[in-house]
Every structure is written in C-alpha cells, then in structure tokens.
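Dumped my_file27.tsv below, it's TSV, C-alpha atoms:
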```
chain	number	residue	atom	x	y	z
Y	1	MET	CA	72.22	21.05	-13.80
Y	2	SER	CA	72.80	17.46	-14.90
Y	3	GLN	CA	69.81	15.28	-15.69
Y	4	MET	CA	68.01	14.19	-12.52
Y	5	SER	CA	66.02	11.05	-11.82
Y	6	TYR	CA	62.81	11.05	-9.80
Y	7	LYS	CA	64.67	9.05	-7.13
Y	8	GLU	CA	67.13	11.90	-6.66
Y	9	LEU	CA	64.25	14.36	-6.47
Y	10	LEU	CA	62.54	12.35	-3.75
Y	11	LYS	CA	65.80	11.94	-1.86
Y	12	ASN	CA	66.41	15.70	-1.83
Y	13	ILE	CA	62.85	16.50	-0.78
Y	14	ASP	CA	63.11	13.87	1.95
Y	15	GLU	CA	66.19	15.66	3.27
Y	16	ILE	CA	64.25	18.93	3.42
Y	17	SER	CA	61.40	17.16	5.21
Y	18	LYS	CA	63.69	15.56	7.77
Y	19	LYS	CA	65.34	18.90	8.47
Y	20	PHE	CA	62.00	20.44	9.35
Y	21	GLU	CA	60.94	17.36	11.33
Y	22	GLU	CA	63.94	17.97	13.56
Y	23	LEU	CA	63.01	21.64	13.89
Y	24	GLU	CA	59.45	20.58	14.76
Y	25	LYS	CA	60.75	18.34	17.54
Y	26	VAL	CA	62.92	21.10	18.94
Y	27	SER	CA	60.08	23.64	18.83
Y	28	GLY	CA	57.43	21.25	20.16
Y	29	GLU	CA	55.09	21.87	17.20
Y	30	ALA	CA	54.43	18.13	16.84
Y	31	PHE	CA	52.46	18.18	20.09
Y	32	ASN	CA	48.77	19.06	19.83
Y	33	ILE	CA	46.52	18.73	22.86
Y	34	PHE	CA	43.42	18.01	20.77
Y	35	LYS	CA	45.13	15.09	19.04
Y	36	VAL	CA	46.32	13.75	22.39
Y	37	ILE	CA	42.79	13.60	23.83
Y	38	ASN	CA	41.40	12.27	20.52
Y	39	VAL	CA	38.66	14.84	19.85
Y	40	THR	CA	40.01	16.19	16.57
Y	41	SER	CA	36.78	15.78	14.59
Y	42	ASP	CA	34.15	16.14	17.32
Y	43	GLU	CA	31.88	18.81	15.88
Y	44	VAL	CA	29.86	19.52	19.02
Y	45	ARG	CA	32.21	18.86	21.94
Y	46	LEU	CA	35.23	20.53	20.37
Y	47	HIS	CA	34.73	22.63	17.26
Y	48	SER	CA	31.37	24.28	17.92
Y	49	LYS	CA	32.13	24.81	21.61
Y	50	PHE	CA	35.63	26.17	21.00
Y	51	LEU	CA	34.47	28.62	18.33
Y	52	ALA	CA	31.44	29.66	20.38
Y	53	GLU	CA	33.57	30.27	23.46
Y	54	LEU	CA	35.83	32.66	21.55
Y	55	LEU	CA	32.81	34.38	19.98
Y	56	ASN	CA	31.06	34.75	23.33
Y	57	ARG	CA	31.67	38.23	24.79
Y	58	ASN	CA	31.12	36.67	28.22
Y	59	GLY	CA	33.45	33.76	27.50
Y	60	SER	CA	36.09	32.52	29.89
Y	61	HIS	CA	38.77	34.19	27.75
Y	62	GLY	CA	37.87	37.46	29.50
Y	63	GLN	CA	38.37	39.61	26.39
Y	64	GLY	CA	34.79	40.79	25.97
Y	65	ASP	CA	33.64	41.12	22.38
Y	66	VAL	CA	37.13	41.53	20.86
Y	67	PHE	CA	37.07	38.18	19.04
Y	68	LEU	CA	33.45	38.56	17.93
Y	69	LYS	CA	34.26	41.99	16.48
Y	70	LEU	CA	37.07	40.45	14.44
Y	71	PHE	CA	34.71	37.74	13.17
Y	72	VAL	CA	31.91	40.02	12.00
Y	73	LYS	CA	34.36	42.51	10.51
Y	74	GLN	CA	36.11	39.80	8.51
Y	75	LEU	CA	32.82	38.47	7.12
Y	76	GLY	CA	31.17	41.86	6.63
Y	77	ILE	CA	28.28	41.13	8.99
Y	78	LEU	CA	26.28	43.82	10.83
Y	79	LEU	CA	25.87	42.86	14.50
Y	80	ASP	CA	25.85	44.76	17.78
Y	81	THR	CA	28.65	42.81	19.41
Y	82	SER	CA	28.23	44.64	22.74
Y	83	SER	CA	24.81	43.01	23.28
Y	84	ALA	CA	25.34	39.71	21.47
Y	85	THR	CA	24.65	36.33	23.05
Y	86	VAL	CA	25.97	32.99	21.81
Y	87	LYS	CA	24.26	29.60	22.06
Y	88	VAL	CA	25.57	26.16	21.06
Y	89	GLU	CA	23.07	23.55	19.84
Y	90	LYS	CA	20.16	26.01	19.98
Y	91	TYR	CA	16.85	24.14	19.87
Y	92	ILE	CA	14.37	25.69	17.42
Y	93	GLY	CA	11.56	23.16	17.67
Y	94	LYS	CA	10.55	19.70	16.56
Y	95	ILE	CA	11.84	18.82	13.11
Y	96	THR	CA	9.32	19.05	10.26
Y	97	ASP	CA	9.87	19.43	6.52
Y	98	SER	CA	10.28	23.20	6.90
Y	99	SER	CA	11.16	23.96	10.52
Y	100	GLY	CA	12.86	22.80	13.70
Y	101	GLY	CA	16.13	21.17	14.69
Y	102	TYR	CA	19.29	22.27	16.48
Y	103	ILE	CA	21.46	25.15	15.24
Y	104	ASP	CA	25.15	24.46	15.89
Y	105	ILE	CA	26.04	28.05	16.82
Y	106	PHE	CA	23.50	30.88	17.06
Y	107	ILE	CA	24.54	34.46	17.78
Y	108	SER	CA	21.99	37.24	18.27
Y	109	ASP	CA	22.00	40.86	19.47
Y	110	ASN	CA	19.24	43.00	21.01
Y	111	LYS	CA	18.58	44.80	17.73
Y	112	GLY	CA	17.19	41.86	15.80
Y	113	GLN	CA	20.38	40.82	14.01
Y	114	SER	CA	21.74	37.28	14.18
Y	115	ILE	CA	24.24	34.78	12.82
Y	116	THR	CA	23.42	31.10	12.25
Y	117	ILE	CA	26.41	28.79	11.81
Y	118	GLU	CA	25.92	25.26	10.51
Y	119	ASN	CA	29.20	23.54	11.39
Y	120	LYS	CA	30.26	20.54	9.29
Y	121	ILE	CA	33.49	18.65	9.89
Y	122	TYR	CA	32.63	15.19	8.56
Y	123	ALA	CA	28.92	14.79	9.33
Y	124	GLY	CA	26.56	14.63	6.36
Y	125	ASP	CA	23.79	17.08	5.56
Y	126	GLN	CA	20.23	16.60	6.75
Y	127	ASN	CA	17.05	16.98	4.73
Y	128	ASN	CA	15.95	20.62	4.43
Y	129	GLN	CA	18.47	21.55	7.13
Y	130	LEU	CA	19.47	24.98	5.86
Y	131	LEU	CA	15.89	25.67	4.77
Y	132	ARG	CA	14.67	24.99	8.31
Y	133	TYR	CA	17.24	27.38	9.74
Y	134	PHE	CA	16.39	30.00	7.13
Y	135	ASN	CA	12.70	29.79	8.04
Y	136	PHE	CA	13.62	30.26	11.71
Y	137	ASN	CA	15.80	33.32	11.01
Y	138	PRO	CA	17.08	34.30	7.54
Y	139	ASN	CA	19.83	36.64	8.78
Y	140	ASN	CA	23.46	35.71	8.05
Y	141	ILE	CA	23.31	31.93	7.63
Y	142	LEU	CA	26.85	30.53	7.38
Y	143	TYR	CA	27.55	27.02	6.11
Y	144	LEU	CA	30.96	26.15	7.58
Y	145	THR	CA	33.01	23.23	6.26
Y	146	LEU	CA	36.67	22.31	6.21
Y	147	TRP	CA	37.21	23.43	2.60
Y	148	GLY	CA	34.19	25.64	1.87
Y	149	ASP	CA	32.12	22.95	0.13
Y	150	ALA	CA	28.56	23.61	-0.97
Y	151	PRO	CA	25.75	21.81	0.90
Y	152	GLU	CA	23.72	19.07	-0.73
Y	153	ASP	CA	20.65	20.21	-2.66
Y	154	TYR	CA	18.40	18.35	-0.24
Y	155	SER	CA	19.76	20.49	2.60
Y	156	SER	CA	19.65	23.93	0.95
Y	157	SER	CA	16.33	23.10	-0.75
Y	158	GLY	CA	16.46	25.91	-3.27
Y	159	LEU	CA	18.20	28.55	-1.14
Y	160	ILE	CA	20.61	30.66	-3.18
Y	161	ILE	CA	24.32	30.58	-2.30
Y	162	ASP	CA	25.76	34.01	-1.42
Y	163	GLU	CA	22.26	35.49	-1.27
Y	164	GLU	CA	20.33	33.45	1.27
Y	165	PHE	CA	23.32	31.72	2.86
Y	166	LYS	CA	27.09	31.92	2.59
Y	167	ARG	CA	29.77	29.23	2.46
Y	168	ILE	CA	32.82	29.68	4.67
Y	169	SER	CA	35.76	27.38	5.34
Y	170	TYR	CA	38.01	26.36	8.20
Y	171	LYS	CA	40.95	26.31	5.79
Y	172	GLU	CA	40.74	30.02	5.01
Y	173	ASP	CA	38.04	31.97	6.89
Y	174	ILE	CA	38.39	30.37	10.32
Y	175	ILE	CA	42.19	30.16	10.26
Y	176	ASP	CA	42.44	33.82	9.16
Y	177	TRP	CA	40.12	34.83	12.01
Y	178	LEU	CA	41.98	32.69	14.54
Y	179	VAL	CA	45.30	34.25	13.54
Y	180	GLY	CA	43.75	37.62	14.30
Y	181	CYS	CA	42.47	36.33	17.64
Y	182	ARG	CA	45.93	35.05	18.51
Y	183	LYS	CA	47.42	38.48	17.85
Y	184	GLU	CA	44.90	39.99	20.29
Y	185	ALA	CA	45.89	37.35	22.87
Y	186	VAL	CA	49.63	37.75	22.40
Y	187	GLU	CA	50.15	38.85	26.02
Y	188	LEU	CA	47.90	36.11	27.42
Y	189	PRO	CA	50.07	32.97	27.12
Y	190	LEU	CA	47.52	30.27	28.03
Y	191	LEU	CA	44.86	31.69	25.72
Y	192	ARG	CA	47.38	32.35	22.97
Y	193	GLU	CA	48.68	28.78	23.07
Y	194	ALA	CA	45.17	27.31	23.14
Y	195	ILE	CA	44.37	29.21	19.95
Y	196	SER	CA	47.69	28.09	18.45
Y	197	HIS	CA	46.88	24.44	19.17
Y	198	TYR	CA	43.50	24.86	17.51
Y	199	ILE	CA	45.02	26.52	14.44
Y	200	ASN	CA	47.47	23.63	14.22
Y	201	LEU	CA	44.57	21.17	14.40
Y	202	ILE	CA	42.67	22.91	11.59
Y	203	GLN	CA	45.80	22.84	9.45
Y	204	LEU	CA	46.01	19.09	10.07
Y	205	LEU	CA	42.34	18.50	9.18
Y	206	THR	CA	42.60	20.56	6.00
Y	207	GLY	CA	45.80	18.99	4.74
Y	208	GLN	CA	48.07	21.91	5.60
Y	209	THR	CA	50.55	19.87	7.57
Y	210	GLY	CA	54.12	20.96	7.89
Y	211	THR	CA	55.43	24.42	8.43
Y	212	THR	CA	55.01	27.25	5.97
Y	213	LYS	CA	58.78	27.53	5.67
Y	214	MET	CA	59.14	23.86	4.74
Y	215	ASN	CA	56.42	24.07	2.08
Y	216	LYS	CA	58.03	27.20	0.71
Y	217	GLU	CA	61.43	25.53	0.53
Y	218	VAL	CA	60.03	22.45	-1.21
Y	219	LYS	CA	58.18	24.57	-3.76
Y	220	GLU	CA	61.23	26.68	-4.46
Y	221	TYR	CA	63.37	23.56	-4.88
Y	222	ILE	CA	60.90	21.97	-7.34
Y	223	ALA	CA	60.75	25.20	-9.33
Y	224	SER	CA	64.54	25.65	-9.31
Y	225	SER	CA	65.16	23.92	-12.65
Y	226	SER	CA	63.44	22.34	-15.61
Y	227	GLU	CA	64.64	18.88	-14.53
Y	228	THR	CA	63.27	19.05	-10.98
Y	229	LEU	CA	60.00	20.42	-12.34
Y	230	LYS	CA	59.81	17.63	-14.93
Y	231	GLN	CA	60.37	14.87	-12.37
Y	232	ALA	CA	57.95	16.45	-9.89
Y	233	ALA	CA	55.29	16.58	-12.61
Y	234	LEU	CA	55.88	12.87	-13.32
Y	235	ILE	CA	55.35	12.02	-9.66
Y	236	ALA	CA	52.26	14.25	-9.43
Y	237	ASP	CA	50.74	12.58	-12.50
Y	238	ASN	CA	50.97	9.19	-10.79
Y	239	MET	CA	50.13	10.17	-7.23
Y	240	ASN	CA	46.39	9.53	-7.47
Y	241	ASP	CA	46.98	6.05	-8.90
Y	242	ALA	CA	49.37	5.34	-6.02
Y	243	LYS	CA	46.65	6.39	-3.57
Y	244	VAL	CA	44.23	4.02	-5.28
Y	245	LEU	CA	46.67	1.13	-4.85
Y	246	ILE	CA	47.21	1.91	-1.16
Y	247	GLN	CA	43.51	2.21	-0.38
Y	248	TRP	CA	42.65	-0.92	-2.36
Y	249	SER	CA	45.32	-2.86	-0.47
Y	250	PHE	CA	43.76	-1.67	2.77
Y	251	TRP	CA	40.29	-2.91	1.81
Y	252	GLU	CA	41.59	-6.23	0.50
Y	253	SER	CA	43.56	-6.86	3.68
Y	254	LEU	CA	40.63	-5.93	5.92
Y	255	LYS	CA	38.19	-8.01	3.85
Y	256	GLU	CA	40.40	-11.08	4.14
Y	257	LYS	CA	40.50	-10.81	7.93
Y	258	LEU	CA	36.77	-10.19	8.34
Y	259	GLU	CA	35.81	-13.04	6.02
Y	260	ALA	CA	38.13	-15.33	8.01
Y	261	GLU	CA	35.90	-14.56	11.02
Y	262	GLY	CA	32.83	-15.74	9.13
Y	263	LEU	CA	31.33	-12.42	8.05
Y	264	THR	CA	29.32	-12.39	4.82
Y	265	PHE	CA	29.06	-9.02	3.15
Y	266	LEU	CA	25.95	-7.50	1.58
Y	267	ASP	CA	25.96	-5.87	-1.86
Y	268	LYS	CA	24.94	-2.43	-0.55
Y	269	LYS	CA	27.52	0.34	-0.97
Y	270	LYS	CA	30.24	-2.30	-1.29
Y	271	VAL	CA	33.90	-1.65	-2.07
Y	272	THR	CA	34.85	-2.04	-5.71
Y	273	TRP	CA	37.96	-1.10	-7.64
Y	274	GLU	CA	35.80	1.37	-9.60
Y	275	ASN	CA	34.67	3.35	-6.57
Y	276	VAL	CA	38.15	3.34	-4.99
Y	277	ASN	CA	39.56	4.61	-8.27
Y	278	GLY	CA	36.77	7.18	-8.57
Y	279	PHE	CA	37.45	8.41	-5.04
Y	280	TYR	CA	40.64	10.02	-6.37
Y	281	ASN	CA	40.33	10.18	-10.14
Y	282	LYS	CA	36.83	11.58	-10.64
Y	283	ALA	CA	35.29	14.90	-9.67
Y	284	ARG	CA	34.70	14.82	-5.94
Y	285	ASN	CA	31.25	13.60	-4.99
Y	286	LYS	CA	30.43	14.03	-1.33
Y	287	ASP	CA	27.61	11.48	-1.61
Y	288	VAL	CA	30.01	8.59	-2.25
Y	289	TYR	CA	30.16	6.19	0.68
Y	290	PHE	CA	31.40	2.63	0.38
Y	291	GLY	CA	32.69	-0.18	2.56
Y	292	PHE	CA	31.57	-3.55	3.90
Y	293	TRP	CA	28.13	-4.24	5.38
Y	294	VAL	CA	26.69	-7.24	7.20
Y	295	LYS	CA	23.23	-7.92	8.59
Y	296	ILE	CA	23.44	-9.10	12.19
Y	297	PHE	CA	19.79	-9.13	13.28
Y	298	GLU	CA	16.32	-9.20	11.72
Y	299	GLU	CA	12.89	-9.69	13.25
Y	300	ASN	CA	9.52	-8.57	11.94
Y	301	ASN	CA	10.10	-5.22	10.19
Y	302	THR	CA	13.31	-4.36	12.03
Y	303	SER	CA	16.87	-5.14	10.95
Y	304	ILE	CA	20.24	-4.19	12.43
Y	305	HIS	CA	23.34	-3.88	10.27
Y	306	PHE	CA	27.01	-3.34	10.91
Y	307	GLY	CA	29.13	-1.41	8.46
Y	308	VAL	CA	32.73	-0.29	8.06
Y	309	GLU	CA	32.73	2.62	5.68
Y	310	LEU	CA	34.77	5.40	4.10
Y	311	HIS	CA	33.80	9.00	3.51
Y	312	GLU	CA	36.86	11.02	4.46
Y	313	ASP	CA	38.10	8.78	7.29
Y	314	ILE	CA	37.42	5.11	7.92
Y	315	TYR	CA	34.68	4.58	10.52
Y	316	PHE	CA	32.32	1.80	11.52
Y	317	GLY	CA	29.20	1.14	13.53
Y	318	PHE	CA	25.61	-0.07	13.73
Y	319	THR	CA	22.57	1.08	11.77
Y	320	ALA	CA	18.89	0.23	11.89
Y	321	GLU	CA	16.30	-0.21	9.16
Y	322	LYS	CA	12.53	-0.34	9.37
Y	323	LYS	CA	10.85	-2.13	6.49
Y	324	GLY	CA	14.14	-1.88	4.63
Y	325	VAL	CA	14.43	1.90	5.06
Y	326	GLY	CA	17.28	3.55	6.96
Y	327	GLY	CA	17.55	6.95	8.62
Y	328	VAL	CA	15.28	5.83	11.46
Y	329	SER	CA	17.76	5.51	14.32
Y	330	ASN	CA	16.37	8.56	16.13
Y	331	LEU	CA	12.91	7.00	16.45
Y	332	VAL	CA	11.94	6.27	20.06
Y	333	GLU	CA	11.43	2.58	19.27
Y	334	PHE	CA	15.16	2.26	18.51
Y	335	ASN	CA	16.36	3.78	21.79
Y	336	LYS	CA	16.93	0.33	23.28
Y	337	PHE	CA	19.28	-0.52	20.41
Y	338	LYS	CA	21.18	2.76	20.79
Y	339	ASN	CA	21.64	2.01	24.48
Y	340	MET	CA	23.08	-1.40	23.63
Y	341	VAL	CA	25.60	0.19	21.27
Y	342	ALA	CA	26.58	2.84	23.83
Y	343	GLU	CA	27.26	0.12	26.39
Y	344	ILE	CA	29.64	-1.63	23.99
Y	345	ASN	CA	31.84	1.45	23.60
Y	346	SER	CA	31.24	4.97	24.92
Y	347	ASN	CA	32.94	6.44	21.83
Y	348	TYR	CA	29.98	5.51	19.65
Y	349	THR	CA	28.03	8.58	18.49
Y	350	ASN	CA	24.44	8.29	17.25
Y	351	ASN	CA	22.29	10.24	14.81
Y	352	GLU	CA	19.33	9.56	12.56
Y	353	TRP	CA	21.40	7.22	10.36
Y	354	TRP	CA	23.48	5.48	13.00
Y	355	LEU	CA	22.62	3.70	16.23
Y	356	GLY	CA	26.31	4.39	16.85
Y	357	TRP	CA	29.40	5.07	14.78
Y	358	ARG	CA	33.03	5.71	15.65
Y	359	PHE	CA	36.36	6.21	13.96
Y	360	THR	CA	39.03	3.54	13.96
Y	361	GLU	CA	41.38	3.74	16.93
Y	362	GLU	CA	44.10	5.12	14.68
Y	363	LYS	CA	42.34	7.49	12.31
Y	364	LEU	CA	42.86	6.88	8.60
Y	365	ASN	CA	41.91	9.84	6.40
Y	366	PHE	CA	42.12	8.62	2.83
Y	367	ARG	CA	40.93	11.96	1.45
Y	368	ALA	CA	43.62	14.20	2.92
Y	369	PHE	CA	46.14	11.35	2.61
Y	370	ASN	CA	48.70	13.26	4.66
Y	371	THR	CA	49.29	11.38	7.92
Y	372	GLN	CA	51.90	8.87	8.95
Y	373	ALA	CA	49.11	6.40	9.72
Y	374	VAL	CA	48.11	6.41	6.04
Y	375	PHE	CA	51.69	6.45	4.74
Y	376	ASP	CA	52.43	3.37	6.86
Y	377	LEU	CA	49.94	1.37	4.78
Y	378	ALA	CA	52.58	1.20	2.03
Y	379	ASP	CA	54.52	-1.13	4.34
Y	380	GLU	CA	53.05	-4.64	4.03
Y	381	LYS	CA	53.79	-5.54	7.65
Y	382	LYS	CA	52.25	-2.35	9.03
Y	383	LEU	CA	49.25	-2.74	6.72
Y	384	ASP	CA	48.67	-6.20	8.14
Y	385	GLU	CA	49.03	-4.94	11.73
Y	386	LYS	CA	46.62	-2.06	11.22
Y	387	THR	CA	43.91	-4.03	9.45
Y	388	ASN	CA	44.24	-6.80	12.02
Y	389	ALA	CA	43.66	-4.30	14.84
Y	390	ILE	CA	40.61	-2.84	13.07
Y	391	ALA	CA	39.21	-6.31	12.34
Y	392	GLU	CA	39.61	-7.31	16.00
Y	393	ASP	CA	37.70	-4.20	17.11
Y	394	ILE	CA	34.93	-4.88	14.60
Y	395	ILE	CA	34.51	-8.56	15.50
Y	396	LYS	CA	34.54	-7.75	19.22
Y	397	ASP	CA	31.79	-5.12	18.85
Y	398	ILE	CA	29.64	-7.29	16.58
Y	399	ASN	CA	29.84	-10.22	18.98
Y	400	GLU	CA	28.94	-8.03	21.95
Y	401	MET	CA	25.99	-6.56	20.06
Y	402	LYS	CA	24.75	-10.03	19.13
Y	403	LYS	CA	24.89	-11.07	22.80
Y	404	ALA	CA	23.01	-7.92	23.84
Y	405	LEU	CA	20.34	-8.55	21.21
Y	406	GLU	CA	19.84	-12.12	22.38
Y	407	VAL	CA	19.49	-11.03	26.01
Y	408	ASN	CA	17.65	-7.72	25.75
Y	409	PHE	CA	15.58	-7.67	22.60
Y	410	ILE	CA	11.88	-7.62	23.27
Y	411	VAL	CA	9.55	-8.25	20.34
```
Spell out the structure here as structure tokens.
Amino acid sequence: MSQMSYKELLKNIDEISKKFEELEKVSGEAFNIFKVINVTSDEVRLHSKFLAELLNRNGSHGQGDVFLKLFVKQLGILLDTSSATVKVEKYIGKITDSSGGYIDIFISDNKGQSITIENKIYAGDQNNQLLRYFNFNPNNILYLTLWGDAPEDYSSSGLIIDEEFKRISYKEDIIDWLVGCRKEAVELPLLREAISHYINLIQLLTGQTGTTKMNKEVKEYIASSSETLKQAALIADNMNDAKVLIQWSFWESLKEKLEAEGLTFLDKKKVTWENVNGFYNKARNKDVYFGFWVKIFEENNTSIHFGVELHEDIYFGFTAEKKGVGGVSNLVEFNKFKNMVAEINSNYTNNEWWLGWRFTEEKLNFRAFNTQAVFDLADEKKLDEKTNAIAEDIIKDINEMKKALEVNFIV
C-alpha cells in the first residue's frame, strides 16, 4: 500500500460511516422513543421505573418472574423470584448520618433475601448513602452506574467493594441482561421493541453509538496496514487536545454572551483552561465540576445563586446557601424558593444541592463526546447559534427568578 495521509484515512472512514448512516435510516435505528420525549437521563421517571417494571414479576409485561430470574442468575444472587416484590423509591426513614433515605430499587422475597439497587446516571453521591442502605439491609447492595464507577468515599463510608456492595454497569451488566430479556420477548413485538429502544438508549449514554458492524469494519480497516494504523495513532494522540479546544471555545463563546447581558461571575468553581484541559488529559475525577456562577439574591443569612456547570453534560439552575454553606435546598425554609424555580420551568429538578437544575435544551455531553450536537461546535456559526440559545434561556430564567424574588420573598 502506498503511503497514506491522515486526510485519506479520515476520508475513507467517513465513507464507511456514511454507508452505515444510510443503513440506519433504512432500518429506522436512528429513531429512539426515549430521545424523542427527552427523558434520556431521568433516573427516577425512566431508568429506575423501566428496570423495576421488567424486574417485577407482576409487571405489565405479563411474563412473570422470567426477567428477574435472568437478572439474579447473571449476577449470582440468591433470591426466591416467585415471591419477590419490587419497589421504586422505597422510603426507609428520615435521613441521619447512618440511616434513612430513599432506595432507588428494592427487591425482596418472603425468605428474607433482598436486592438494593442504587441507580446513578449523572446524579452525584450523597453523604453516607450506601452506608445508610447497608444498615437498613446488608443483602446484595448494587451500585449501578453507566460505566461501573466506584462511589465516592463519603457515600460508601468504609464499606468494602465486592464484599459489602458490588459495582455494576449499564454498559455491560444491564445491556447483557436486557439482551437476554429481549430474547425471551422475541414473540412479543411491542415488549421486544420497547426493550430494543432502551438498549439503544443505553448504548448512546455509554458512548456505544453506531452499529456493531460499522465499528467492526472501522477497526478492521484501521488494522489493515501499518500506514492506516500509523495515521490512526496520530489522530488518537491528538484527539483529547482537540476536545479541549472545542470545549474551551464553547465556554468562551457562552461567557462572551452572558457578560454582554451584564452578568458578573464569581470565582467559585470557575472555568479555566487548566480544568478544561484536565477534564480530558488527567485521570478522571468525578468530583470535578466547573462553570460560571453568579449571585442573584442575598438577604440576612440566605443567598441564591445561578450556575451553568459541566459534569458530564452541560446543565444550569439555581442553588441556595445558608451562611455561605450549600447543600441546604431540601430544608423546609427553602420550599418557597423551589416553588419559584418550578414555576419558571417545569423541567427543573430539585435536590439537596439545587433549588432546580435542568439540562440545556439540546444536550451537550462533553464526556462521551459522541453526538452531532457536540460535533457541531467545531463549526463557528453553529457554535455561535448554540451558545446564543443557551444564553437566552439562562438570561430569561434569571430575570424571571429575580422578579419572583422581588414579589414573593418574605423576610
């Protein structure tokens, strides 16, 4: 083979990609119902409920304990599936340092065996979370994440991985189980296709986009000669730096638009070239959050902030602090603020750290870096359009919150 340039390599891979894009259109694989209704990362309303429904022997699927049997067999768990019950968001008492909270999925039989599933898509860990669940019931605690990540130390609080709890992943464990479920539902078209859509969604969330055949063809092409392998290695060596440039351009463009609207950013968790570079070029640290923050209200010991932030995806929303300390949004005294946020946009979700947060209208996952929305940011015009749309949403919500605070806040 004659010497090849990286441009030729990219051109040939692009041709393979386009071929499979056409096949995807013909087959309808590009359509996913969960993407259409925009619930792809909703842990409670989609992921926990969907998994629990399949695991429930009395579920609407009508297949008894078939799917639950597959699940416990795959994970080597002892459970009497014929008597098992499944609960989503099981309340186990008021939260203390060592007890209480809500278990995402709790499965128990009439012989004293159980399974506790802590389901994490993008939400962060809570203090002593796994410890609290362990103290409630130590049997078969599963920490489920997209890639099988370990929990933060402040969540596991000394519990031993693979002894007192087990890590499982959507990318491998859940997809493998779902493929088995789909085989059992092969003669039930509606159920089979619902499972297929969900498998497709998990592949999207875990960066497994594209068909297996396409990936196989690309890999075989790259490995077909020393020249293609050499050029592919050159591209791979520079890919992270290219991601840094794209993400930095995004932040710079968004910053320019927000500052033009008069926003003044705080120093907390701010965007810097160092943390954007570290996002891709250092060992992954799940505690890294950065973005832009502004203070929009302060009276007595209470302050309200607005932030646009990155963890995996870009998201934004309102937080509260009491005497300069966050993580207080679930206190009763902040309910009036949460209600204000909910009235601004029903897509806002609240927790102890957020009065309300939501993803950008067009989701931008800078970690997976595998969607057209992110690829479009390399186009200067599309970058400007996207950051302008996000800035407009942000300014609109901040202004509405300021009006609500002026009208409704009671000292």
**Prompt:** Taking all atoms listed in the file into account, which of Y:Leu130, Y:Lys183, Y:Asp176, Y:Glu362 comes nearest Leu159 in chain Y?
**Reply:**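 Closest residue, counting all atoms listed in the file: Y:Leu130.
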**Prompt:** Which is closer to Phe106 in chain Y than all the others in Y:Leu364, Y:Ala150, Y:Ala52, Y:Ala123, using only C-alpha atoms?
**Reply:** Y:Ala52
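Each of Y:Lys338, Y:Arg182, Y:Arg132, Y:Lys403 was compared to Ile95 in chain Y using only C-alpha atoms, and Y:Arg132 turns out to be the nearest.
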**Nearest to Phe67 in chain Y by atom-to-atom distance, counting only C-alpha atoms, from Y:Leu178, Y:Leu46, Y:Ser114, Y:Ile92** =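 Residue with the minimum atom-to-atom distance to Phe67 in chain Y: Y:Leu178.
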**Prompt:** With only C-alpha atoms as the atoms that count, which of Y:Thr206, Y:Thr116, Y:Asn347, Y:Asn127 lies nearest to Thr96 in chain Y?
**Reply:**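 Nearest to Thr96 in chain Y: Y:Asn127.
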**Request:** In the coordinate frame of the file, compute which residues have an atom within 9 Å of (26.7, 0.8, -3.8) when using only C-alpha atoms, and state them as number ranges by chain.
**Result:** Y: 267-272, 275, 288-291
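Between Leu142 in chain Y and the candidates Y:Val72, Y:Val294, Y:Ile168, Y:Ile121, the tightest atom-to-atom separation, counting only C-alpha atoms, involves Y:Ile168.
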**Nearby residues (all atoms listed in the file) at most 12 Å from Glu380 in chain Y, same-chain spacing under 4 positions excluded, as a PyMOL selection string** = chain Y and resi 246+249-250+253+375-376+384-387
**Message:** One decimal, in Å: what's the spacing between CA of Leu355 in chain Y and CA of Thr319 in chain Y?
**Reply:** 5.2 Å
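Between CA of Ala232 in chain Y and CA of Leu9 in chain Y the separation is 7.5 Å.
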**Atom pair CA of Lys323 in chain Y / CA of Glu299 in chain Y: separation (Å)** =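 Value for the CA of Lys323 in chain Y-CA of Glu299 in chain Y distance: 10.3 Å.
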Starting from 3 Å padding per side, set up an axis-aligned box that covers all listed atoms of range 237-254 of chain Y and hand over centre and edge lengths in Å, one decimal, as lines of an AutoDock Vina configuration file.
```
center_x = 45.6
center_y = 2.9
center_z = -3.3
size_x = 16.7
size_y = 25.4
size_z = 24.4
```
**Prompt:** Do you know which residues are at most 12 Å from Glu400 in chain Y counting all atoms listed in the file, after dropping those on the same chain fewer than 2 positions away, and could you put them as a PyMOL selection string?
**Reply:** chain Y and resi 296+318+340-345+393-398+402-408
Considering all atoms listed in the file, give me a table of residues in range 305-379 of chain Y that are at most 10 Å from range 276-279 of chain Y, with the closest atom pair and distance in Å for each, as CSV.
```
residue,atom,partner,partner_atom,distance
Y:Leu310,CA,Y:Val276,CA,9.9
Y:His311,CA,Y:Phe279,CA,9.3
Y:Glu312,CA,Y:Phe279,CA,9.9
Y:Phe366,CA,Y:Phe279,CA,9.2
Y:Arg367,CA,Y:Phe279,CA,8.2
```
**Request:** With a distance cut-off of 8 Å and all atoms listed in the file, select the neighbouring residues of Trp177 in chain Y, excluding the residue or stretch itself and same-chain residues fewer than 2 positions from it, and output the selection as a PyMOL selection string.
**Result:** chain Y and resi 70-71+74+173-175+179-181
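Shell of range 234-242 of chain Y at 9 Å, with all atoms listed in the file counted and residues fewer than 2 places along the chain excluded, is Tyr6, Leu229, Lys230, Gln231, Ala232, Val244, Leu245, Ile246, Gln247, Asn277, Tyr280 and Asn281 of chain Y.
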